[in-house]
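Q: Structure file entry12.txt (compact mmCIF, C-alpha atoms (C1' of nucleotides)) is given on the next line.
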```txt
# COMPACT_ATOMS: atom_id res chain seq x y z
CA MET A 1469 8.64 73.31 82.22
CA ASP A 1470 8.43 69.92 80.56
CA SER A 1471 6.18 67.52 82.40
CA GLY A 1472 5.39 65.32 79.44
CA GLY A 1473 8.49 64.16 77.61
CA ARG A 1474 8.58 62.91 74.06
CA ILE A 1475 5.71 63.67 71.69
CA LEU A 1476 3.38 60.79 70.80
CA PRO A 1477 3.49 60.34 66.99
CA PRO A 1478 0.49 59.56 64.72
CA GLU A 1479 1.47 55.86 64.76
CA PHE A 1480 0.67 55.76 68.47
CA PHE A 1481 -2.98 56.25 67.56
CA ASP A 1482 -2.95 53.81 64.65
CA ARG A 1483 -4.04 50.84 66.78
CA PRO A 1484 -7.37 49.41 67.96
CA VAL A 1485 -9.13 52.14 69.93
CA LEU A 1486 -9.50 50.12 73.13
CA GLU A 1487 -5.76 49.51 73.20
CA VAL A 1488 -4.99 53.18 72.62
CA ALA A 1489 -7.53 54.27 75.24
CA ARG A 1490 -5.93 52.23 78.02
CA ASP A 1491 -2.49 53.36 76.91
CA LEU A 1492 -3.49 57.03 77.08
CA LEU A 1493 -4.20 57.08 80.81
CA GLY A 1494 -1.34 58.92 82.49
CA ARG A 1495 -0.20 60.57 79.25
CA VAL A 1496 -0.03 64.33 78.95
CA LEU A 1497 -2.21 66.55 76.76
CA VAL A 1498 -0.47 69.78 75.85
CA ARG A 1499 -2.06 72.90 74.45
CA GLU A 1500 0.05 75.86 73.41
CA ARG A 1501 -2.03 79.01 73.55
CA GLU A 1502 -0.69 82.51 73.02
CA GLY A 1503 2.80 81.36 73.83
CA ARG A 1504 1.75 79.57 77.01
CA ARG A 1505 1.89 75.84 77.69
CA LEU A 1506 -1.30 74.41 79.17
CA ALA A 1507 -0.91 70.77 80.13
CA GLY A 1508 -2.75 68.08 81.99
CA ARG A 1509 -2.46 64.40 82.77
CA ILE A 1510 -5.19 62.25 81.23
CA VAL A 1511 -7.16 60.61 84.05
CA GLU A 1512 -10.44 59.70 82.36
CA LEU A 1513 -11.51 58.88 78.78
CA GLU A 1514 -13.88 56.76 76.73
CA ALA A 1515 -13.47 54.63 73.62
CA TYR A 1516 -15.92 54.79 70.70
CA GLY A 1517 -16.39 52.98 67.41
CA ALA A 1518 -15.09 49.47 68.06
CA THR A 1519 -17.26 46.38 67.79
CA ARG A 1520 -17.87 43.97 70.66
CA ARG A 1521 -18.62 40.34 69.94
CA GLY A 1522 -19.63 41.38 66.45
CA GLN A 1523 -22.09 43.98 67.75
CA PRO A 1524 -21.79 47.59 66.47
CA ASP A 1525 -21.24 50.46 68.91
CA LEU A 1526 -24.61 52.23 68.83
CA ALA A 1527 -23.20 55.05 70.97
CA CYS A 1528 -20.69 56.03 68.30
CA HIS A 1529 -21.37 59.16 66.24
CA ALA A 1530 -20.22 57.31 63.13
CA ILE A 1531 -22.73 54.47 63.49
CA ARG A 1532 -24.76 55.76 60.54
CA GLY A 1533 -21.80 56.45 58.32
CA LYS A 1534 -19.84 59.54 57.42
CA THR A 1535 -21.53 62.91 57.88
CA ARG A 1536 -20.41 66.51 58.04
CA ARG A 1537 -19.99 66.41 61.83
CA ASN A 1538 -18.13 63.12 62.19
CA ALA A 1539 -15.94 63.31 59.07
CA SER A 1540 -12.78 63.66 61.17
CA MET A 1541 -13.43 60.26 62.76
CA PHE A 1542 -13.00 58.65 59.34
CA GLY A 1543 -9.78 60.52 58.67
CA PRO A 1544 -6.21 59.52 59.55
CA PRO A 1545 -5.31 58.69 63.17
CA GLY A 1546 -3.54 61.21 65.35
CA ARG A 1547 -5.93 64.08 64.73
CA ALA A 1548 -8.61 65.81 66.75
CA TYR A 1549 -12.34 65.25 66.39
CA VAL A 1550 -14.19 68.11 68.07
CA TYR A 1551 -17.95 68.47 68.17
CA LEU A 1552 -20.54 70.61 69.91
CA VAL A 1553 -23.12 69.05 72.25
CA TYR A 1554 -26.28 70.60 73.66
CA GLY A 1555 -25.57 73.74 71.70
CA MET A 1556 -22.93 74.91 74.15
CA HIS A 1557 -20.19 72.45 75.09
CA HIS A 1558 -17.26 71.32 72.98
CA CYS A 1559 -15.90 67.78 73.30
CA LEU A 1560 -12.38 66.75 72.31
CA ASN A 1561 -11.71 63.32 70.81
CA LEU A 1562 -8.49 61.79 69.50
CA VAL A 1563 -8.93 59.85 66.27
CA CYS A 1564 -7.60 56.27 66.39
CA GLY A 1565 -7.30 53.24 64.14
CA PRO A 1566 -6.49 53.22 60.44
CA GLU A 1567 -7.97 55.84 58.11
CA GLY A 1568 -11.54 54.98 57.16
CA ARG A 1569 -12.24 53.13 60.44
CA ALA A 1570 -14.04 55.81 62.53
CA GLU A 1571 -12.68 55.05 66.00
CA ALA A 1572 -11.85 57.70 68.60
CA VAL A 1573 -11.35 58.36 72.29
CA LEU A 1574 -13.27 61.09 74.09
CA LEU A 1575 -11.11 62.86 76.65
CA ARG A 1576 -13.22 63.34 79.78
CA ALA A 1577 -10.88 64.60 82.48
CA LEU A 1578 -7.36 65.87 83.09
CA GLU A 1579 -5.28 66.57 86.15
CA PRO A 1580 -3.87 70.10 85.62
CA LEU A 1581 -0.07 70.21 85.40
CA GLU A 1582 0.98 73.43 83.68
CA GLY A 1583 -0.57 76.79 82.88
CA GLU A 1584 -3.01 76.65 85.77
CA ASP A 1585 -3.25 80.43 85.88
CA VAL A 1586 -4.50 80.44 82.30
CA MET A 1587 -7.00 77.66 82.99
CA ALA A 1588 -8.26 79.63 85.97
CA ALA A 1589 -8.75 82.65 83.73
CA LEU A 1590 -10.65 80.55 81.18
CA ARG A 1591 -12.89 79.11 83.92
CA PRO A 1592 -13.70 82.23 85.93
CA GLY A 1593 -15.23 81.58 89.32
CA ARG A 1594 -14.81 77.83 89.14
CA PRO A 1595 -12.83 75.83 91.69
CA ARG A 1596 -9.58 74.21 90.49
CA ARG A 1597 -11.17 70.81 90.95
CA GLN A 1598 -13.61 71.60 88.15
CA TRP A 1599 -11.37 73.18 85.55
CA THR A 1600 -10.76 70.01 83.59
CA ALA A 1601 -13.26 67.52 85.08
CA GLY A 1602 -15.73 66.67 82.32
CA PRO A 1603 -15.40 66.86 78.51
CA GLY A 1604 -17.01 70.28 78.20
CA ARG A 1605 -15.01 71.80 81.02
CA LEU A 1606 -11.78 70.29 79.71
CA SER A 1607 -12.27 71.91 76.31
CA ALA A 1608 -13.19 75.23 77.90
CA ALA A 1609 -10.13 75.21 80.16
CA LEU A 1610 -7.84 74.66 77.17
CA GLY A 1611 -9.64 77.09 74.90
CA LEU A 1612 -10.70 74.46 72.35
CA ASP A 1613 -13.65 74.83 70.00
CA LEU A 1614 -14.93 73.62 66.61
CA GLY A 1615 -12.02 75.32 64.91
CA TRP A 1616 -9.85 72.47 66.20
CA ASP A 1617 -11.86 69.75 64.50
CA GLY A 1618 -9.52 67.81 62.22
CA ALA A 1619 -6.36 69.42 63.60
CA PRO A 1620 -3.25 67.20 63.65
CA LEU A 1621 -2.12 66.32 67.18
CA ALA A 1622 1.28 67.92 66.75
CA PRO A 1623 3.03 71.15 67.64
CA PRO A 1624 2.25 73.94 67.48
CA GLY A 1625 -1.12 74.05 69.14
CA LEU A 1626 -2.21 70.70 70.47
CA TRP A 1627 -0.37 67.45 71.01
CA LEU A 1628 0.32 64.57 73.41
CA GLU A 1629 3.47 63.73 75.32
CA GLU A 1630 4.59 60.42 76.81
CA GLY A 1631 4.12 61.18 80.48
CA ARG A 1632 3.95 57.92 82.45
CA PRO A 1633 1.49 55.24 81.35
CA LEU A 1634 -0.78 54.28 84.23
CA PRO A 1635 -0.09 50.83 85.74
CA ALA A 1636 -3.02 48.50 85.18
CA SER A 1637 -3.40 48.18 88.95
CA ARG A 1638 -4.47 51.83 89.24
CA ARG A 1639 -6.78 51.66 86.23
CA GLY A 1640 -10.54 51.44 86.55
CA SER A 1641 -13.36 51.11 84.01
CA SER A 1642 -17.11 51.59 83.85
CA PRO A 1643 -19.92 52.04 81.34
CA ARG A 1644 -19.63 55.22 79.31
CA VAL A 1645 -21.38 58.35 80.53
CA GLY A 1646 -24.48 59.78 78.86
CA VAL A 1647 -25.13 57.04 76.32
CA ASP A 1648 -28.21 55.37 77.78
CA TYR A 1649 -29.83 55.57 74.37
CA ALA A 1650 -27.30 53.13 72.90
CA GLY A 1651 -29.04 49.85 73.67
CA PRO A 1652 -26.64 47.02 74.55
CA ALA A 1653 -23.60 49.25 73.97
CA ALA A 1654 -24.72 51.49 76.85
CA ALA A 1655 -23.42 48.89 79.28
CA TRP A 1656 -20.07 48.21 77.68
CA PRO A 1657 -17.22 49.15 80.07
CA TRP A 1658 -15.40 51.46 77.72
CA ARG A 1659 -14.83 54.35 80.10
CA PHE A 1660 -11.32 54.17 81.55
CA LEU A 1661 -10.03 56.13 84.52
CA GLU A 1662 -7.44 56.43 87.22
CA LYS A 1663 -9.04 55.04 90.36
CA GLY A 1664 -9.50 57.60 93.09
CA ASN A 1665 -8.19 60.58 91.14
CA PRO A 1666 -9.86 63.77 92.45
CA HIS A 1667 -10.20 65.27 88.98
CA LEU A 1668 -12.61 62.67 87.59
CA SER A 1669 -15.85 64.00 86.09
CA ARG A 1670 -17.69 61.72 88.52
CA ARG A 1671 -17.00 58.71 90.71
CA GLY A 1672 -15.57 55.68 89.03
C1' DG B 635 -37.83 73.39 54.88
C1' DT B 636 -38.93 71.55 59.40
C1' DC B 637 -37.98 69.52 63.80
C1' DA B 638 -36.50 66.52 67.64
C1' DA B 639 -32.62 65.33 70.23
C1' DG B 640 -28.04 65.46 72.15
C1' DA B 641 -20.75 61.51 74.17
C1' DT B 642 -23.08 68.38 79.27
C1' DT B 643 -23.15 71.71 82.78
C1' DA B 644 -24.74 75.11 86.19
C1' DG B 645 -28.15 76.53 89.03
C1' DT B 646 -32.63 75.82 91.86
C1' DC C 946 -34.47 68.15 88.79
C1' DT C 947 -34.43 71.14 84.93
C1' DA C 948 -33.16 75.00 81.80
C1' DA C 949 -29.90 76.55 78.62
C1' DT C 950 -28.80 76.70 73.56
C1' DC C 951 -27.93 75.57 68.66
C1' DT C 952 -25.90 72.34 65.42
C1' DT C 953 -26.75 68.23 63.39
C1' DG C 954 -29.07 64.82 60.88
C1' DA C 955 -33.28 62.53 59.59
C1' DC C 956 -37.17 63.05 56.78
C1' DG C 957 -39.94 64.89 53.11
```
Could you write out this structure as structure tokens?

A:
Amino acid sequence: MDSGGRILPPEFFDRPVLEVARDLLGRVLVREREGRRLAGRIVELEAYGATRRGQPDLACHAIRGKTRRNASMFGPPGRAYVYLVYGMHHCLNLVCGPEGRAEAVLLRALEPLEGEDVMAALRPGRPRRQWTAGPGRLSAALGLDLGWDGAPLAPPGLWLEEGRPLPASRRGSSPRVGVDYAGPAAAWPWRFLEKGNPHLSRRG
DNA sequence: GTCAAGATTAGT
DNA sequence: CTAATCTTGACG
């Protein structure tokens, strides 16, 4: 089964993060695991690391410079940045912008397309609606952990396919989730989503 | 070395 | 609403 189409190359991610974020809605994330294709349509994500009217993004992990955890964000575009939050949940980001820039998009929700039996097995007891709704759940459903930090977004393993970009008319935005500590940046509308999609981590 | 806090989730 | 759970990063 091939629901995605052509593979998105590293150059796709070598653009301003806000531009890439909007362009990623409707694209397909593919994970090859033990010979099985797990795939989902991107329906919700957030942009991090850009500046707005000259103001720094206080919600970005890289705000205080390069550290052991965020090193991948400073690396070349088209790679994964995976980190652990609250000691138990992994979050998958896609590194954007030129090397040295520290911009990335956090994938927050997918609409399952392929390998649903595997996702179900990785999320025992959970309803289909919840398999990939939320950054932690998404990573769990695809079997992603810290070992994927820094991995190139290319076969084999993890990559993105063209899918169908979402028309702007179906796109929604809102402040990012869980960044109330970020001062002015907490209100910036850098969460992008497909309006009305049932797999969102929460209402748009 | 020590310690507070977190780009979340599940359960009461 | 709150517990869970542990790495990270700031500070000394």

Q: Show me which bits of chain B are within 9 Å of chain A, counting only C-alpha atoms (C1' of nucleotides), as a list in words.

A: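 Taken together, these residues fit the definition: DA639, DG640, DA641, DT642 and DT643 of chain B.
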
Q: Write out, as an mmCIF file, in the coordinates of the input, the residues just selected, with C-alpha atoms (C1' of nucleotides).

A:
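out-v2.cif written:
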```cif
data_model
loop_
_atom_site.group_PDB
_atom_site.id
_atom_site.type_symbol
_atom_site.label_atom_id
_atom_site.label_comp_id
_atom_site.auth_asym_id
_atom_site.auth_seq_id
_atom_site.Cartn_x
_atom_site.Cartn_y
_atom_site.Cartn_z
ATOM 1 C "C1'" DA B 639 -32.620 65.330 70.230
ATOM 2 C "C1'" DG B 640 -28.040 65.460 72.150
ATOM 3 C "C1'" DA B 641 -20.750 61.510 74.170
ATOM 4 C "C1'" DT B 642 -23.080 68.380 79.270
ATOM 5 C "C1'" DT B 643 -23.150 71.710 82.780
#
```

Q: Just the residues within 12 Å of DC637 (chain B), please, counting only C-alpha atoms (C1' of nucleotides), with nothing from its chain fewer than 3 positions along; format it as a count of residues only.

A: 5

Q: Give one line per residue of chain C that approaches chain A to at most 8 Å, naming the two atoms of the closest pair and their distance in Å to one decimal, counting only C-alpha atoms (C1' of nucleotides); sort by chain then ascending residue number and deliver it as a tab-separated table.

A:
```
residue	atom	partner	partner_atom	distance
C:DT950	C1'	A:Gly1555	CA	4.8
C:DC951	C1'	A:Gly1555	CA	4.3
C:DT952	C1'	A:Gly1555	CA	6.4
C:DT953	C1'	A:Arg1537	CA	7.2
```

Q: So how many Å separate CA of Thr1519 (chain A) and CA of Gly1664 (chain A), to one decimal?

A: 28.7 Å

Q: For chain B, I'd like the enclosing box, axis-aligned and padded by 5 Å on every side, reported as JSON with centre and edge lengths in Å to one decimal.

A:
```
{"center_x": -29.8, "center_y": 69.0, "center_z": 73.4, "size_x": 28.2, "size_y": 25.0, "size_z": 47.0}
```

Q: Do a neighbour search on DA948 (chain C) at 10 Å with only C-alpha atoms (C1' of nucleotides), toss out local chain neighbours closer than 2 positions, and write the hits as a PyMOL selection string.

A: (chain B and resi 644-645) or (chain C and resi 946+950)

Q: Out of A:Pro1633, A:Pro1624, A:Gly1651, A:Pro1657, which residue has the shortest atom-to-atom distance to Leu1526 (chain A) when counting only C-alpha atoms?

A: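 Ranking A:Pro1633, A:Pro1624, A:Gly1651, A:Pro1657 by distance to Leu1526 (chain A), first place goes to A:Gly1651.
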
Q: So how far away is CA of Leu1493 (chain A) from CA of Ile1510 (chain A), in Å?

A: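 Computing it gives 5.3 Å between the two atoms.
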
Q: Any idea what the distance is between C1' of DT947 (chain C) and CA of Tyr1649 (chain A)?

A: 19.4 Å

Q: Might you pull out every residue within 10 Å of Arg1632 (chain A), with all atoms listed in the file counted and same-chain residues fewer than 6 positions away left off, and present them as a ChimeraX atom specification?

A: /A:1471-1473,1491-1496,1509

Q: Return the single residue from A:Gly1568, A:Gly1611, A:Gly1522, A:Pro1544 that is closest to Arg1499 (chain A), with distances computed using all atoms listed in the file.

A: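 Smallest distance to Arg1499 (chain A) is found for A:Gly1611.
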